[in-house]
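Down below is the structure, laid out as C-alpha cells.
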Amino acid sequence: MIKNRCFARASLAQKEGDVIRFSAKPKNEPHSLARAKRARDAKNAFRLCPSLIHKYTNYLQYHKLYSMSELTAKFTPADIENKWYAHWEGKGYFHNTPDEREPFSIVIPPPNVTGVLHMGHMLNNTIQDALIRKARLDGKNAVWIPGTDHASIATEAKVVKMLRERGIKKSDLTRDEFLAYAWEWKEEYGGKILQQLRKLGASCDWERTAFTMDPNYSKDVIKVFVDLYNKGKLYRDYRMVNWDCEAKTVLSNEEVIHGEEQAQLFYTKYFLEGSDTDLSRDEREGVTIATQRPETIMADVAVAVHPKDPRYAHLVGKKVIVPLVNRAVPIIFDDYVDIDFGTGALKITPAHDPNDYELGKKYGLEVIDLLNEDGSLNENCGLPDLVGKDRFAARKMMKKLLEESGNLVKLEDYKTNIGRSERTNTVVEPRMSLQWYVDMKQLAGPALEGVESDDIEFFPKQFKSTYRHWMGNIRDWCISRQLWWGHRIPAYYYTSPPTPKGGDVTTTMTTSALDTAAVVISPPLGAGGLGLFVAETAEEALVLAQAKFPDDIITIDDLKQDEDVLDTWASSWLWPISTLNGFENSADFNYYYPTSVLVTGWDIIFLWVARMAMAGYEWKNERPFKSVYFTGMVRDKQGRKMSKSLGNSPDALGLIEEFGADGVRFGVLSSSPAGGDLKFDDKLCEQGRNFSNKMWNALRLLNNWEIDATKAQPIDNQLAIKWFENKMSATITDIENDFKQFRLSEGLIKLYSFIWDDFCSWYLEMIKPDYQQPIDKATLQATTNLFQKLMVMLHPFMPFVTEEIYYQLNQLEAAKLGRRGATKDCIVENYPKAKRIDNQLVSHVETVKDIVSKIREVRNSKGIKMKELLTVNLQNTEGGNALLETAGVREMIVKMANLDAFTTTSEDVNNSIAFISGTLKCYVLLNETINVEEEREKMLKELVHQQGFLKSVDAKLNNERFVANAKPEVVAAEQKKRADALARIGILEESLAKMPSNSVENTKNTEGGALAENTANFKIGESLPATLQLQELLNSLEPDRIERTESTTDMDKFSEIICAVPTELNEIACVRVQ
RNA sequence: GGGUGGUUAGCUCAGUUGGUUCAGAGCGUCUGUUUUACACACAGAGGGUCAGGGGUUCGAAUCCCUUACCGCCCACCA
C-alpha cells in the first residue's frame, strides 16, 4: 500500500502517437512530475528527457526507502488549532479591564451581522490580531472589541428574501411583525462570522461583543440624532435622491456603485408644434433627441438645445410635441447642453434627472413624476398600457410604441455609466423625495484638521490627499432610509392642527411649489415642518408639542413617529465611542479611548472612517483612533475585486482547512503592505503551511536528540549560540520598527527568513550532534530557549503553531532537562528584548557561512558528495588569523563543510581549487587533476569585476565633492570597500601569476552526453524492469496492481499511469495503480 | 473632466531618510541530492538597461519634469 500522497495522486496519462502524455498536474505533485508535464508540452515526452525519468524514479525510491512510513513528519494544524483557541479563551487571555498598564485598544470594523467570512475579513482581522497579540506580548493592556453591524439595507433585503421564500410578503406584515422576523433571523444566523473569526485565531475580547442595535447603542444613536437636530446640523429637505426601487429606499451617494454598462440610445424625433402631419417622419420638422430612458419621455416638459447651436437657432419661441402623450412643450436654450453630444438636443425631465431638475427650476417648468417607489410607472405617464409596468419592461414597450407613432429614428448601442445599489444591485433611479440630511460642512472641519495635522495618522500617508479632497468637497449626508430594520428616526409629527394640504409627492406640481415643498407638501409621514418634534422619546416630544401648541390638548397618541430608519452608517460612525460606553463617560472609555489603531479597507474611508472622525471630534472633542491602517483590497489573480457575484472569492474556511489558520494568516499577511492591492494566490498560504511544517520538524529534531549531561559543550556550539543571540537582537530591533510603522508584511518576511535560514539551515546544523550522538545539556538548553523566543516573536503572526511548539519545548525541557514549575503560555509571554550586538563576532560567523557556502559550491561543481571529507587550507593572512582566533570558528567550518582539517598555509596549494571570501583566500584540496585553464578564467573574470568595482569606488573617493558632501560614514564605508577590493585584487593577481599558463586538457565527464544519446532509443515498451531501482519500486506495489503490457497499443487501457521508467533495455515500463 | 496611485525577474510583489558587494523575496524554471528533522526538504544555477526620454546630484530604482500605457477614487453628457 502506497501511502505517500504525492505518489497516490500521480498523474493520469494518455497515449498520443508514440508519446506518453501526463494529464493536468494535480496539486502537490512532486516537481519531477511537473517536469514530466513540461516535457509533454514540448511534445517530446520522455524521449528527450531521460534525466527526468531518472529523477522521478529516484524520488520514488527515496520515498519508498525513507519517507513512506513517516507521516508524522507532517505538521497537521487542525489537530491543535481548536485546542489552543479554547485554552486561550478559557484562560481569559483575551479579556482585559482598565488598570495601570499602558492601554492598547482596537475596535473591529463590524462585519454585517448576516455576513460570512471572506478574504477581506481575513486580511483585515489577521492584521488586527497580529497587532493585538504583539501589544499583549509587550505587556500592554490589550483589548480588541468585536461586534457586528445591523447593516440595515443588506439585512432587510435578506430577511425580505427569506420571507418571500416562506411565502410571506413584507407588505402584508406590520412593522412590528416584520421586526420580529428580522430579530429571529438575526439570532439564528447573525454573528456566524464571529465564530468564523475564532477559527482564524482572532483574539477578540468576546465579553465585549457589541451590536449596533444593542439597547445602549441604539440609545446613543438616537441621542446623537436629537443633538444634531438641536444644534441645527440636521435638517429635512425635498430633493432629488438616489432611489433603490427594490429596497424602496433612498441611498446616499456613497452607496451607489457606478459601472460601465451596455445600453441603447433611442433617437427620438419630437415634432414641431404645427408641423405638417402629412409629411413623413424625416421630412416633418422637429428635433431629434437621444435618450437611454425612453420610458421617461412622457414626463418631458421641455427640449433643450445650446443657444449657439446653428441647427436649432430658428426654433426660438417654438414648441415641440412630446411623442405619445402629444403635449406641447417649449424649446429652451441653455449652454448646459453639449453641442457635440448625440444630436445636440436634450429632453428635459425634471422628475427623473438631477440636471433636468435644476434646469426645470431655472425655467420654472413643471415636474411630472411618473415612477412609483418600486420603479413601476404610475398614471402620470398618461399611457394606460404602461401603468404598473416596471421601468425596464416599459422601456422595451416604448420601442414598439415609438416605432408605431413614427417618432423613433434609430437605436444605437451605447456604453454608459449606470449607478447600482451597493446592497441590492438594482439600477438606481433619481427620484424626488423628502429626506433627512446631516449638514456635513459643519462637521467636516475638525475631522479634516485632525487628519491634516496627523492627530489621526494615516498609513499609508497618501490616503491623506484622498481624504482631504473628499472632505473639501463634501456634500450633505442623507441619513433617512425607507426601511424598518434599523434605528427609527426620533422625529414626531403632530397632525392635529390643520396644515395646508399639499398632496402626495407623486402628484404633478410646479417647481415654484417645490421650493417650499418641505413645508407645504404633505410628505409620506406626518405634517412636515410645522408640527415636527425631535426628541429621544415620544414623551419628550409630547412636552415639546404641548409647549408649541399650548392651546391644543395633545396626547401621546396624537404624535406620529417618523416611519423611516437611519442609515446604517449613522450608527456605525459612533462605533469607537459607543462600544466603550462613551456617552456615559465610563471607566472603559476614559481608559481605552482614543483607540490605538483602526484597521480597515480604504474603500470605506468616506463611508466610515471620515464619519467616525467627525463623530469623535463632535461629541468627544477627541480623535477616535490614533492611527488608521488602510489595508489593500484583496483581489483575485486577474486583479478583480473579490465578490460574491463573480464567485471568485475563495472559500475562506476551506482555505483554513487546507493550509491551517497559520498558513492562511501567513498567506494574507506576507504580501499585504498597507494600501497596496493584494492579488490573492493560495500559493502564499502554501508557503505559510510549509513554514509551519518546517518549524514543526525543527522541533522534531530537538526531540530526537538524546542528552548527555556529562558531555562538555563544544566550543563551536558556544560560538553558534552567541552568533544566533546576536542575530536575534538585530532581528528584534528590526521587527519592533516594522510594527511601529505597521509594516507587518516586512516583519513577517524577516522572521520567516530568520527562522528558516538562520535558525534551521544554519544554527541547527551548526549545533547538530553527529549521527546518533547525544547533545550536551547547555546547548540543548540554549537552543530550546532560543527556539521559544523565536516562537514568541512569531506568535502575533502565526499564533497556533507557535503556541504548540512553545508548549512542546516546555515538555521537552521538563523531560530532558528536568525543568520544573509552571511556565507561561506563549500568548502571554514577554516579547524578547534586543541586547547589545557584538558586530565582530557576527561578521566572523558570517564569514564562516560564506566559506562553507563556497566549499559547497566547489563540491557541487565538482560532483563531490557531501559525505566525502575534504581538506581546505586558508591562506595565512592577518585577517585569516583574526578569524581563526575567534573560538569555535575552525571547528564550525570543519563541521559545516565536512572537512578533515581547516588549517592555514603560507604557500599556494597545488592541485586545489581556490576561492575568495571577503579578503580571505581558501584552497580546496582535490585528488583529481584540476583544470587550470578553467580556474584561471574564473579568476580573471573575478579580477576584472574587482577592478571595475575598485574603479567606481576610486572615482568617488577621488571626487572632492563626494568627500566633502557625503556623510562621513558613507565615506568611511567607501574607504573600507576600497581597501577590501585592493586586498582581493592582490590575492587574485598573485594567484594568477603563479598559475601555469598552459592549460591541461580537460577530462570532461561524458556521462551526461551518453545519457542523452540513449534517449533517442527510448520507446514505449512492454518489458518488465530489469533495473534494481524499478524492481524495488514494483516490490512496493501489491502484485495484483501490476500489469504488463505487450505492445504499445495496450497502453490505451491504462487509465492511471503513475510512472514510466527506463529499463536497462532502453525501453519504458509503465506501472499503474488500479 | 477633477484628483490619486502604479509601471522592478516568467508570475506576484518588496526595496524605509538618495550611497555598487542590495537590484531582492516567494512562486515558477533549470541542475544535482538514499543528505536520519523536514521531498511541504536540501545544495546550487539562470533570469531584470528598475516603462521610455530629460533633468537635479559627487552619486538616482529612489527626488523633479515629460511621454506612453495601466489602475483606482470623485464628479458626470442625454
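Chain identifiers are assigned as A, B, and so on, following the order in which chains appear in the C-alpha cells; residues are numbered from 1 within each chain, and ligands are numbered from 1 in order of appearance.
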
Hey, what's within 7 Å of region 224-232 of chain A if we count only C-alpha atoms (C1' of nucleotides) and toss same-chain stuff fewer than 5 positions away? As a PDB file with C-alpha atoms, in the first residue's frame, please?
```pdb
ATOM      1  CA  VAL A 534     -37.377  65.714  17.523  1.00  0.00           C
ATOM      2  CA  ALA A 535     -36.752  64.090  20.882  1.00  0.00           C
ATOM      3  CA  GLU A 536     -35.289  60.940  22.327  1.00  0.00           C
TER       4      GLU A 536
END
```

Define the interface residues of chain A facing chain B as those within 8 Å, counting only C-alpha atoms (C1' of nucleotides), and report them as a ChimeraX atom specification.
/A:30,59,61-62,65-66,73-74,289-292,338,341-342,346-347,465-466,469-470,671,679,683-684,686-687,689-690,693-694,697-702,746,771,856-857,860,866,949,956,959-963,965-966,970

Can you tell me, as a list in words, what residues are no more than 7 Å from region 989-994 of chain A when counting only C-alpha atoms (C1' of nucleotides), ignoring any on the same chain fewer than 3 positions away?
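Using only C-alpha atoms (C1' of nucleotides), the neighbours found are Arg936, Ile985 and Gly986 of chain A.
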
Take the residues that were just selected and, keeping N, CA, C and O atoms, output them as a PDB file, in the first residue's frame.
```pdb
ATOM      1  N   ARG A 936      41.702  29.522 -14.111  1.00  0.00           N
ATOM      2  CA  ARG A 936      42.324  30.771 -14.478  1.00  0.00           C
ATOM      3  C   ARG A 936      41.277  31.747 -15.037  1.00  0.00           C
ATOM      4  O   ARG A 936      41.253  32.926 -14.686  1.00  0.00           O
ATOM      5  N   ILE A 985      42.120  42.070  -5.066  1.00  0.00           N
ATOM      6  CA  ILE A 985      42.848  42.151  -6.332  1.00  0.00           C
ATOM      7  C   ILE A 985      44.265  41.617  -6.155  1.00  0.00           C
ATOM      8  O   ILE A 985      44.804  40.897  -6.993  1.00  0.00           O
ATOM      9  N   GLY A 986      44.863  41.961  -5.015  1.00  0.00           N
ATOM     10  CA  GLY A 986      46.201  41.466  -4.723  1.00  0.00           C
ATOM     11  C   GLY A 986      46.244  39.958  -4.728  1.00  0.00           C
ATOM     12  O   GLY A 986      47.101  39.333  -5.362  1.00  0.00           O
TER      13      GLY A 986
END
```

For the alpha helix (DSSP H) assignment from backbone DSSP, which residues of region 216-280 of chain A qualify? Please present them as a PyMOL selection string.
chain A and resi 216-230

Write out as a list in words each polymer residue whose atoms come within 6 Å of region 48-54 of chain B, counting only C-alpha atoms (C1' of nucleotides); drop sequence neighbours fewer than 5 positions from it.
U7, U8, A9 and A61 of chain B

Calculate how many Å separate CA of Ile331 (chain A) from CA of Asp369 (chain A), rounding to one decimal.
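CA of Asp369 (chain A) lies at a distance of 20.1 Å from CA of Ile331 (chain A).
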
Using only C-alpha atoms (C1' of nucleotides), which residues sit within 9 Å of Val953 (chain A) once same-chain residues fewer than 2 positions away are excluded, as a list in words?
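The residues that qualify are Gly948, Phe949, Leu950, Lys951, Ala955, Lys956, Leu957, Asn958, Glu974, Gln975, Lys977 and Arg978 of chain A; U20 of chain B.
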
Near Lys740 (chain A), counting only C-alpha atoms (C1' of nucleotides), which residues have an atom at most 12 Å away, once you skip same-chain residues fewer than 4 positions from it, shown as JSON, numbers by chain?
{"A": [131, 134, 135, 459, 596, 597, 627, 629, 733, 734, 735, 736, 744, 746, 747]}

Can you pull out every residue from region 295-420 of chain A that DSSP, working from the backbone, puts in strand (DSSP E or B), and format the result as number ranges by chain?
A: 302-305, 319-322, 327-333, 345-348, 366-367, 371, 376-377, 390, 408-420

Next, the residues of the selection above should be written as a PDB file, in the first residue's frame with C-alpha atoms.
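And here's part00.pdb as it stands now:
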```pdb
ATOM      1  CA  ALA A 302     -39.192  70.732 -22.484  1.00  0.00           C
ATOM      2  CA  VAL A 303     -36.481  70.117 -25.013  1.00  0.00           C
ATOM      3  CA  ALA A 304     -33.203  71.928 -24.584  1.00  0.00           C
ATOM      4  CA  VAL A 305     -30.582  72.947 -27.119  1.00  0.00           C
ATOM      5  CA  LYS A 319     -42.733  74.305 -29.197  1.00  0.00           C
ATOM      6  CA  VAL A 320     -42.441  70.616 -29.849  1.00  0.00           C
ATOM      7  CA  ILE A 321     -44.878  67.810 -29.251  1.00  0.00           C
ATOM      8  CA  VAL A 322     -43.892  65.132 -26.759  1.00  0.00           C
ATOM      9  CA  ARG A 327     -48.117  67.527 -25.069  1.00  0.00           C
ATOM     10  CA  ALA A 328     -46.674  70.710 -26.441  1.00  0.00           C
ATOM     11  CA  VAL A 329     -43.536  71.727 -24.576  1.00  0.00           C
ATOM     12  CA  PRO A 330     -41.175  74.642 -25.050  1.00  0.00           C
ATOM     13  CA  ILE A 331     -37.737  74.516 -26.576  1.00  0.00           C
ATOM     14  CA  ILE A 332     -35.325  76.124 -24.202  1.00  0.00           C
ATOM     15  CA  PHE A 333     -31.861  77.409 -24.960  1.00  0.00           C
ATOM     16  CA  ALA A 345     -30.723  68.303 -28.260  1.00  0.00           C
ATOM     17  CA  LEU A 346     -31.795  67.173 -24.842  1.00  0.00           C
ATOM     18  CA  LYS A 347     -35.129  66.227 -23.395  1.00  0.00           C
ATOM     19  CA  ILE A 348     -35.923  67.769 -20.066  1.00  0.00           C
ATOM     20  CA  GLU A 366     -43.480  71.534 -14.420  1.00  0.00           C
ATOM     21  CA  VAL A 367     -42.375  68.370 -12.631  1.00  0.00           C
ATOM     22  CA  LEU A 371     -42.399  56.441 -11.306  1.00  0.00           C
ATOM     23  CA  SER A 376     -43.090  50.875 -11.957  1.00  0.00           C
ATOM     24  CA  LEU A 377     -44.847  53.583 -13.943  1.00  0.00           C
ATOM     25  CA  ASP A 390     -41.643  48.098 -14.383  1.00  0.00           C
ATOM     26  CA  LEU A 408     -38.239  56.545 -33.386  1.00  0.00           C
ATOM     27  CA  VAL A 409     -35.407  57.484 -35.708  1.00  0.00           C
ATOM     28  CA  LYS A 410     -32.883  54.850 -34.740  1.00  0.00           C
ATOM     29  CA  LEU A 411     -31.414  52.802 -31.938  1.00  0.00           C
ATOM     30  CA  GLU A 412     -27.762  52.924 -31.121  1.00  0.00           C
ATOM     31  CA  ASP A 413     -25.698  50.740 -28.815  1.00  0.00           C
ATOM     32  CA  TYR A 414     -24.013  52.827 -26.250  1.00  0.00           C
ATOM     33  CA  LYS A 415     -21.747  52.347 -23.268  1.00  0.00           C
ATOM     34  CA  THR A 416     -22.618  54.396 -20.286  1.00  0.00           C
ATOM     35  CA  ASN A 417     -22.200  54.554 -16.553  1.00  0.00           C
ATOM     36  CA  ILE A 418     -25.060  53.078 -14.661  1.00  0.00           C
ATOM     37  CA  GLY A 419     -25.462  53.501 -10.922  1.00  0.00           C
ATOM     38  CA  ARG A 420     -26.496  50.456  -8.980  1.00  0.00           C
TER      39      ARG A 420
END
```

Which residues are near G55 (chain B)? Cut-off 12 Å, only C-alpha atoms (C1' of nucleotides), ignore same chain within fewer than 4 positions. Put them as a tab-separated table (two decimals) with C-alpha atoms (C1' of nucleotides), in the first residue's frame.
```
chain	number	residue	atom	x	y	z
B	60	A	C1'	19.16	58.05	-8.74
B	63	C	C1'	13.99	63.33	-5.99
B	64	C	C1'	11.96	66.70	-10.22
B	65	C	C1'	9.88	67.31	-15.32
B	66	U	C1'	7.87	64.86	-19.50
```

Which residue of A:Tyr494, A:Phe94, A:Trp206, A:Phe691 approaches Gly147 (chain A) most closely, using only C-alpha atoms
A:Trp206

If you measure from CA of Tyr593 (chain A) to CA of Ala210 (chain A), what distance in Å do you get, rounded to one decimal?
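Interatomic distance, CA of Tyr593 (chain A) to CA of Ala210 (chain A): 16.1 Å.
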